[in-house]
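Notes follow the structure.
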There are 2 protein chains.
Amino acid sequence: MTVTIYDVAREARVSMATVSRVVNGNHNVKPQTRDKVNEVIKKLNYRPNAVARGLASKRTTTVGVIIPDISNVYYSQLARGLEDIATMYKYHTIISNSDNDPQKEKEIFNNLLSKQVDGIIFLGGTISEEIKEIINKSSVPVVVSGTNGKDDGIASVNIDFKAAAEKTTQHLIDKGAKTFAFVGGEYSKKAQEEVLMGLKNVLSQHQLTLDDDHIYNGNETYKDGIKAFEALKKYKPDAILSISDEQAIGLVYAAHDVGVEVPESLQIISFNNTRLVEMVRPQLSSVIQPLYDIGAVGMRLLTKYMNEEDIEEPNVILPHRVEYRGTTK
Amino acid sequence: MTVTIYDVAREARVSMATVSRVVNGNHNVKPQTRDKVNEVIKKLNYRPNAVARGLASKRTTTVGVIIPDISNVYYSQLARGLEDIATMYKYHTIISNSDNDPQKEKEIFNNLLSKQVDGIIFLGGTISEEIKEIINKSSVPVVVSGTNGKDDGIASVNIDFKAAAEKTTQHLIDKGAKTFAFVGGEYSKKAQEEVLMGLKNVLSQHQLTLDDDHIYNGNETYKDGIKAFEALKKYKPDAILSISDEQAIGLVYAAHDVGVEVPESLQIISFNNTRLVEMVRPQLSSVIQPLYDIGAVGMRLLTKYMNEEDIEEPNVILPHRVEYRGTTK
DNA sequence: GTGAAAGCGCTAACAC
DNA sequence: GTGTTAGCGCTTTCAC
């Protein structure tokens, strides 16, 4: 019924080994033989069974992707970058949503290993102790995209959030901001730490401080941004740094609704730069994270590990830019 | 090195078959034996090899997903629904981006088959003749989510766009609209046809017509929405139906920028209802497509096919609602 | 340049 | 309830 390598071999009057060589582009085949085999392959409509190949060769050309939420704009852009490079290198991707839940992350990791993936890309703003350990013990290479894994000894690709925060903070101060606030969530712990560090650094250089009450932690959605503004407005901040675009958009509209003018009385800047930024008025000023590239470079790095190529630098920092659009002066 | 079923069998002093039974939850095992085997499994940290299992059983518990663009908000919400149900039924999903390119769709389809997936979910607004044929000849079940496959004899899950268009058109006419326009793209061909049919139906009931010049076809992005407005403004439409949210948002802002007031002089309604709708001001009136559910129900339907359960209805129509927010009177 | 044959790790009859 | 055994479809030595 299903045509196998054996059928092709018989029909082409060669051995299975030869067919295998042809299919895998091995050079040690006489052109004449190769042509004959290819002809039979076409005639019989032979399609190699990747599962059998995986079992015999111990390589599945499949990588696993652990992602918090594929319906989140930020992560889906990373995923697209990942996927394109995977396809380019002939890998397939098995994608599973973790909701940032360490327990689920662990389960997914084990399931991926049982599927014999050749490597794993981990997305998620926080690397829990348990996951860190699992990654470090993993039998296949793992790369983290969008989060810095350097301190945990994990290969990673991301941007320098601290530098970005310093740059934007300086800009906001130059434009007259004195009272700052920060809006984030629990998903992007690492990035958040870096941003807060950069923010506080520059603030202290100007004899300014960030009160703990001015830090809001939520769930990084649009609605949560509205809540964040409600919580922060009593402090009358004149500049807010927001980790996520969705939250920032919530801030913009919540401010607008109570008559706080953006950017005149309140400047807002976000650290995501998803395609949402230009779909708001005023358009959102933001740190341009090259999301697609962060995914793409992460996958490229993983292919290097999987093919045992030389790795110059396991912790890649991609350049960022700050785009001052309508929500800053 | 890697622990196999054989190692477990030897250590537990039983046969491989028994270990296999325990691992697969087969009931014909004495509780005592079961416990012993489970103990050894834990002790040896045995993890079944899904690839070997796939080869032997001819079931991979993996489904393929062909998706136009995972970074598109509309599709990523479908994908999340899909994935959750797949996980619930213990399937993994291999996701590949097609960019709506029939050639790529075909390649992906073949690659998925060679990976021996148990079923395939196809997402894409258009089902080309070639793909239709491939699906109908497929050795594994295929379900289309978000597009009606009924005419093509393909199992599908979506909403009734024609009815939705009729309802919204009537509403707009009730609110005084006389000159209509339509903005769509080439990606959602099927839905678009249905919407246009419904629109024209109701229009003709009111002795109104939709001029062909009033139909704009683009690429369903925010920027394209701006272009669409540029192209249509000379006709001074007082109501625009838009297939995609992103395009609709472009329309809103383009209108705003030239002083056309929404919804006072121009009403806009979109057919997507992604999470974008509330992130604009005024908030977008839209047909509520239950995106998550369309994905989820599609995957559920696929599991029925894969398990050879009875199918009551291969072409599921999910209910929709119209939410009149800020861009309609 | 090509073939023979031994697995890869598991499932699924079938026998007992 | 449990064991034996023959594959699943391919890759990969090792000969020749």
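Just remember, in the structure tokens the first chain shown is A, the second B, etc., residues are 1-based per chain, and ligands are 1-based in the order shown.
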Please identify all polymer residues within 12 Å of stretch 176-182 of chain B, counting only C-alpha atoms (C1' of nucleotides), omitting same-chain residues fewer than 6 positions from it, and present them as a PDB file with C-alpha atoms, in the first residue's frame.
ATOM      1  CA  ALA B 165     -23.030  40.801   6.519  1.00  0.00           C
ATOM      2  CA  THR B 168     -24.649  44.568   9.818  1.00  0.00           C
ATOM      3  CA  THR B 169     -25.731  46.060   6.506  1.00  0.00           C
ATOM      4  CA  GLN B 170     -29.292  46.339   7.733  1.00  0.00           C
ATOM      5  CA  GLN B 192     -15.200  37.914   1.247  1.00  0.00           C
ATOM      6  CA  GLU B 193     -17.517  36.380  -1.309  1.00  0.00           C
ATOM      7  CA  VAL B 195     -19.843  39.045   2.873  1.00  0.00           C
ATOM      8  CA  LEU B 196     -20.310  40.703  -0.512  1.00  0.00           C
ATOM      9  CA  MET B 197     -23.270  38.483  -1.238  1.00  0.00           C
ATOM     10  CA  GLY B 198     -24.947  39.388   2.038  1.00  0.00           C
ATOM     11  CA  LEU B 199     -24.142  43.054   1.590  1.00  0.00           C
ATOM     12  CA  LYS B 200     -25.551  43.193  -1.928  1.00  0.00           C
ATOM     13  CA  VAL B 202     -29.700  43.705   1.703  1.00  0.00           C
ATOM     14  CA  LEU B 203     -28.659  46.652  -0.412  1.00  0.00           C
ATOM     15  CA  SER B 204     -30.898  45.552  -3.247  1.00  0.00           C
ATOM     16  CA  HIS B 206     -33.454  48.825  -0.246  1.00  0.00           C
ATOM     17  CA  GLN B 207     -32.990  49.768  -3.894  1.00  0.00           C
ATOM     18  CA  LEU B 208     -29.335  50.463  -3.213  1.00  0.00           C
ATOM     19  CA  THR B 209     -26.315  49.082  -5.060  1.00  0.00           C
ATOM     20  CA  LEU B 210     -22.629  48.520  -4.508  1.00  0.00           C
ATOM     21  CA  ASP B 211     -20.604  49.929  -7.341  1.00  0.00           C
ATOM     22  CA  ASP B 212     -17.586  47.802  -8.312  1.00  0.00           C
ATOM     23  CA  ASP B 213     -15.365  50.843  -7.821  1.00  0.00           C
ATOM     24  CA  HIS B 214     -16.388  50.801  -4.196  1.00  0.00           C
ATOM     25  CA  ILE B 215     -14.678  47.484  -3.637  1.00  0.00           C
ATOM     26  CA  TYR B 216     -11.055  47.705  -2.569  1.00  0.00           C
ATOM     27  CA  ASN B 217      -8.790  44.688  -2.534  1.00  0.00           C
ATOM     28  CA  GLY B 218      -5.495  44.875  -0.703  1.00  0.00           C
ATOM     29  CA  GLY B 225      -6.262  50.220   5.323  1.00  0.00           C
ATOM     30  CA  ALA B 228      -7.884  51.796   1.003  1.00  0.00           C
ATOM     31  CA  PHE B 229      -9.276  54.987   2.437  1.00  0.00           C
ATOM     32  CA  ALA B 231      -8.674  55.060  -2.835  1.00  0.00           C
ATOM     33  CA  LEU B 232     -12.275  55.185  -1.646  1.00  0.00           C
ATOM     34  CA  LYS B 233     -12.655  58.655  -0.211  1.00  0.00           C
ATOM     35  CA  LYS B 234     -13.575  60.248  -3.509  1.00  0.00           C
ATOM     36  CA  TYR B 235     -16.797  58.238  -3.474  1.00  0.00           C
ATOM     37  CA  LYS B 236     -17.671  59.668  -0.065  1.00  0.00           C
ATOM     38  CA  PRO B 237     -18.956  56.402   1.382  1.00  0.00           C
ATOM     39  CA  ASP B 238     -20.908  56.689   4.610  1.00  0.00           C
ATOM     40  CA  ALA B 239     -20.370  53.058   5.528  1.00  0.00           C
ATOM     41  CA  ILE B 240     -17.460  50.679   4.982  1.00  0.00           C
ATOM     42  CA  LEU B 241     -17.395  46.973   5.648  1.00  0.00           C
ATOM     43  CA  SER B 242     -13.869  45.703   6.204  1.00  0.00           C
ATOM     44  CA  ILE B 243     -12.767  42.090   6.281  1.00  0.00           C
ATOM     45  CA  SER B 244      -9.855  42.610   8.637  1.00  0.00           C
ATOM     46  CA  GLN B 247      -7.380  47.329   7.680  1.00  0.00           C
ATOM     47  CA  ALA B 248     -10.321  48.777   9.565  1.00  0.00           C
ATOM     48  CA  LEU B 251      -9.453  53.256   7.722  1.00  0.00           C
ATOM     49  CA  PRO B 263     -18.929  57.380  13.099  1.00  0.00           C
ATOM     50  CA  GLU B 264     -20.792  60.645  12.371  1.00  0.00           C
ATOM     51  CA  SER B 265     -19.955  60.870   8.665  1.00  0.00           C
ATOM     52  CA  LEU B 266     -18.508  57.425   8.153  1.00  0.00           C
ATOM     53  CA  GLN B 267     -19.413  54.181   9.839  1.00  0.00           C
ATOM     54  CA  ILE B 268     -16.930  51.324   9.813  1.00  0.00           C
ATOM     55  CA  ILE B 269     -17.395  47.732  10.759  1.00  0.00           C
ATOM     56  CA  SER B 270     -14.928  44.886  10.657  1.00  0.00           C
ATOM     57  CA  PHE B 271     -15.382  41.126  10.462  1.00  0.00           C
ATOM     58  CA  THR B 328     -20.968  52.806  14.113  1.00  0.00           C
ATOM     59  CA  LYS B 329     -23.910  54.954  15.157  1.00  0.00           C
TER      60      LYS B 329
END
Skip C:DC14 itself and residues of its chain fewer than 5 positions away, then list as a short mmCIF file (atom, residue, chain, number, x, y, z; two decimals) with N, CA and C atoms (P, O5', C5', C4', C3', O3' and C1' of nucleotides), in the first residue's frame all residues within 12 Å of it, counting only C-alpha atoms (C1' of nucleotides).
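Output saved as out.cif:
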data_model
loop_
_atom_site.label_atom_id
_atom_site.label_comp_id
_atom_site.auth_asym_id
_atom_site.auth_seq_id
_atom_site.Cartn_x
_atom_site.Cartn_y
_atom_site.Cartn_z
P DG D 3 6.62 -11.65 31.75
"O5'" DG D 3 6.76 -12.53 30.43
"C5'" DG D 3 6.84 -13.94 30.56
"C4'" DG D 3 7.05 -14.57 29.20
"C3'" DG D 3 8.22 -14.01 28.40
"O3'" DG D 3 8.87 -15.09 27.76
"C1'" DG D 3 6.22 -13.78 27.15
P DT D 4 10.23 -14.91 27.00
"O5'" DT D 4 9.92 -15.39 25.53
"C5'" DT D 4 8.68 -16.04 25.23
"C4'" DT D 4 8.61 -16.28 23.73
"C3'" DT D 4 9.84 -15.85 22.93
"O3'" DT D 4 9.98 -16.74 21.83
"C1'" DT D 4 7.98 -14.54 22.28
P DT D 5 11.15 -16.59 20.79
"O5'" DT D 5 10.43 -15.66 19.70
"C5'" DT D 5 9.21 -16.12 19.11
"C4'" DT D 5 8.78 -15.14 18.04
"C3'" DT D 5 9.91 -14.57 17.20
"O3'" DT D 5 9.46 -14.50 15.86
"C1'" DT D 5 8.67 -12.81 18.07
P DA D 6 10.48 -14.65 14.68
"O5'" DA D 6 9.68 -13.91 13.53
"C5'" DA D 6 8.26 -14.03 13.50
"C4'" DA D 6 7.64 -12.69 13.15
"C3'" DA D 6 8.37 -11.94 12.03
"O3'" DA D 6 7.39 -11.36 11.19
"C1'" DA D 6 8.17 -10.54 13.90
#
At a cut-off of 8 Å, can you tabulate as a tab-separated table every residue of chain B near chain D together with its closest atom pair and the distance in Å to one decimal, using only C-alpha atoms (C1' of nucleotides) and ordering rows by chain then number?
residue	atom	partner	partner_atom	distance
B:Ser15	CA	D:DG3	C1'	6.0
B:Ala17	CA	D:DG3	C1'	7.4
B:Thr18	CA	D:DT2	C1'	6.8
B:Asn28	CA	D:DG1	C1'	6.3
B:Val29	CA	D:DG1	C1'	5.9
B:Lys30	CA	D:DG1	C1'	6.6
B:Leu55	CA	D:DC8	C1'	5.1
B:Ala56	CA	D:DC8	C1'	4.6
B:Ser57	CA	D:DC8	C1'	7.5
B:Lys58	CA	D:DC8	C1'	7.6
Open item on the list: If DSSP is run on the backbone, what residues of stretch 109-297 of chain A are helix (DSSP H, G or I)? A reply as a PyMOL selection string would be ideal.
Closed with: chain A and resi 109-114+129-137+150-152+161-174+189-205+212-214+222-235+245-257+277-279+291-297
Sorted by chain and rising residue number, which residues of chain C lie within 9 Å of chain B, and what are their closest atom pairs and distances in Å to one decimal, counting only C-alpha atoms (C1' of nucleotides), as CSV?
residue,atom,partner,partner_atom,distance
C:DC8,C1',B:Ala52,CA,7.7
C:DG9,C1',B:Ala52,CA,5.0
C:DC10,C1',B:Arg53,CA,4.8
C:DT11,C1',B:Ala56,CA,5.2
C:DA12,C1',B:Ser57,CA,8.2
- [ ] Define the interface residues of chain B facing chain A as those within 7 Å, counting only C-alpha atoms, and report them as a VMD selection string.
- [x] chain B and resid 47 to 52 54 to 55 70 to 71 73 76 to 77 80 92 to 95 114 to 116 249 279 to 280
Output of the above residues as a compact mmCIF listing (two decimals), in the first residue's frame, restricted to N, CA, C and O atoms:
# COMPACT_ATOMS: atom_id res chain seq x y z
N ARG B 47 12.11 7.14 29.61
CA ARG B 47 11.20 8.00 28.87
C ARG B 47 10.97 7.35 27.51
O ARG B 47 11.90 7.21 26.71
N PRO B 48 9.74 6.89 27.25
CA PRO B 48 9.46 6.17 26.00
C PRO B 48 9.86 7.00 24.78
O PRO B 48 9.69 8.22 24.76
N ASN B 49 10.38 6.35 23.78
CA ASN B 49 10.79 7.01 22.55
C ASN B 49 9.59 7.08 21.60
O ASN B 49 9.16 6.08 21.05
N ALA B 50 9.08 8.30 21.45
CA ALA B 50 7.86 8.49 20.64
C ALA B 50 8.10 8.16 19.17
O ALA B 50 7.17 7.80 18.45
N VAL B 51 9.32 8.29 18.73
CA VAL B 51 9.61 8.01 17.32
C VAL B 51 9.51 6.51 17.05
O VAL B 51 8.86 6.08 16.09
N ALA B 52 10.11 5.73 17.93
CA ALA B 52 10.02 4.27 17.78
C ALA B 52 8.57 3.82 17.90
O ALA B 52 8.08 2.99 17.12
N GLY B 54 6.00 5.57 17.17
CA GLY B 54 5.31 5.98 15.95
C GLY B 54 5.55 5.01 14.82
O GLY B 54 4.63 4.69 14.05
N LEU B 55 6.77 4.54 14.73
CA LEU B 55 7.09 3.62 13.64
C LEU B 55 6.36 2.29 13.82
O LEU B 55 5.80 1.74 12.87
N ILE B 70 1.71 33.08 11.36
CA ILE B 70 1.48 32.97 12.80
C ILE B 70 1.60 34.32 13.48
O ILE B 70 1.08 34.51 14.58
N SER B 71 2.25 35.30 12.86
CA SER B 71 2.39 36.60 13.51
C SER B 71 1.18 37.50 13.24
O SER B 71 1.10 38.61 13.74
N VAL B 73 -2.45 38.53 13.98
CA VAL B 73 -3.26 38.39 15.20
C VAL B 73 -4.43 37.44 15.01
O VAL B 73 -4.75 36.64 15.89
N SER B 76 -3.11 33.83 14.87
CA SER B 76 -2.47 33.34 16.09
C SER B 76 -3.53 33.03 17.15
O SER B 76 -3.33 32.16 17.99
N GLN B 77 -4.68 33.71 17.07
CA GLN B 77 -5.74 33.38 18.02
C GLN B 77 -6.38 32.04 17.67
O GLN B 77 -6.71 31.24 18.55
N ARG B 80 -4.02 29.35 18.88
CA ARG B 80 -4.05 29.06 20.32
C ARG B 80 -5.19 28.11 20.66
O ARG B 80 -5.06 27.20 21.48
N HIS B 92 0.57 16.62 19.61
CA HIS B 92 1.46 17.76 19.41
C HIS B 92 1.15 18.38 18.06
O HIS B 92 0.58 17.72 17.18
N THR B 93 1.52 19.64 17.90
CA THR B 93 1.24 20.30 16.62
C THR B 93 2.53 20.79 15.97
O THR B 93 3.34 21.46 16.60
N ILE B 94 2.68 20.43 14.71
CA ILE B 94 3.77 20.98 13.90
C ILE B 94 3.17 22.12 13.09
O ILE B 94 2.26 21.90 12.30
N ILE B 95 3.63 23.34 13.34
CA ILE B 95 3.05 24.51 12.69
C ILE B 95 3.99 25.05 11.61
O ILE B 95 5.17 25.23 11.84
N SER B 114 5.11 13.28 5.14
CA SER B 114 6.31 12.47 5.29
C SER B 114 6.69 12.34 6.77
O SER B 114 7.31 11.37 7.18
N LYS B 115 6.27 13.32 7.57
CA LYS B 115 6.47 13.20 9.02
C LYS B 115 5.44 12.28 9.66
O LYS B 115 5.40 12.10 10.87
N GLN B 116 4.55 11.76 8.84
CA GLN B 116 3.54 10.80 9.31
C GLN B 116 2.57 11.40 10.32
O GLN B 116 2.19 10.72 11.29
N ILE B 249 -8.69 49.50 11.19
CA ILE B 249 -8.01 50.49 12.02
C ILE B 249 -7.33 51.52 11.13
O ILE B 249 -7.37 52.73 11.39
N MET B 279 -8.43 48.24 21.18
CA MET B 279 -7.22 49.04 21.37
C MET B 279 -7.19 50.25 20.43
O MET B 279 -6.14 50.81 20.18
N VAL B 280 -8.31 50.62 19.86
CA VAL B 280 -8.40 51.80 19.01
C VAL B 280 -9.43 52.74 19.59
O VAL B 280 -10.34 52.29 20.27
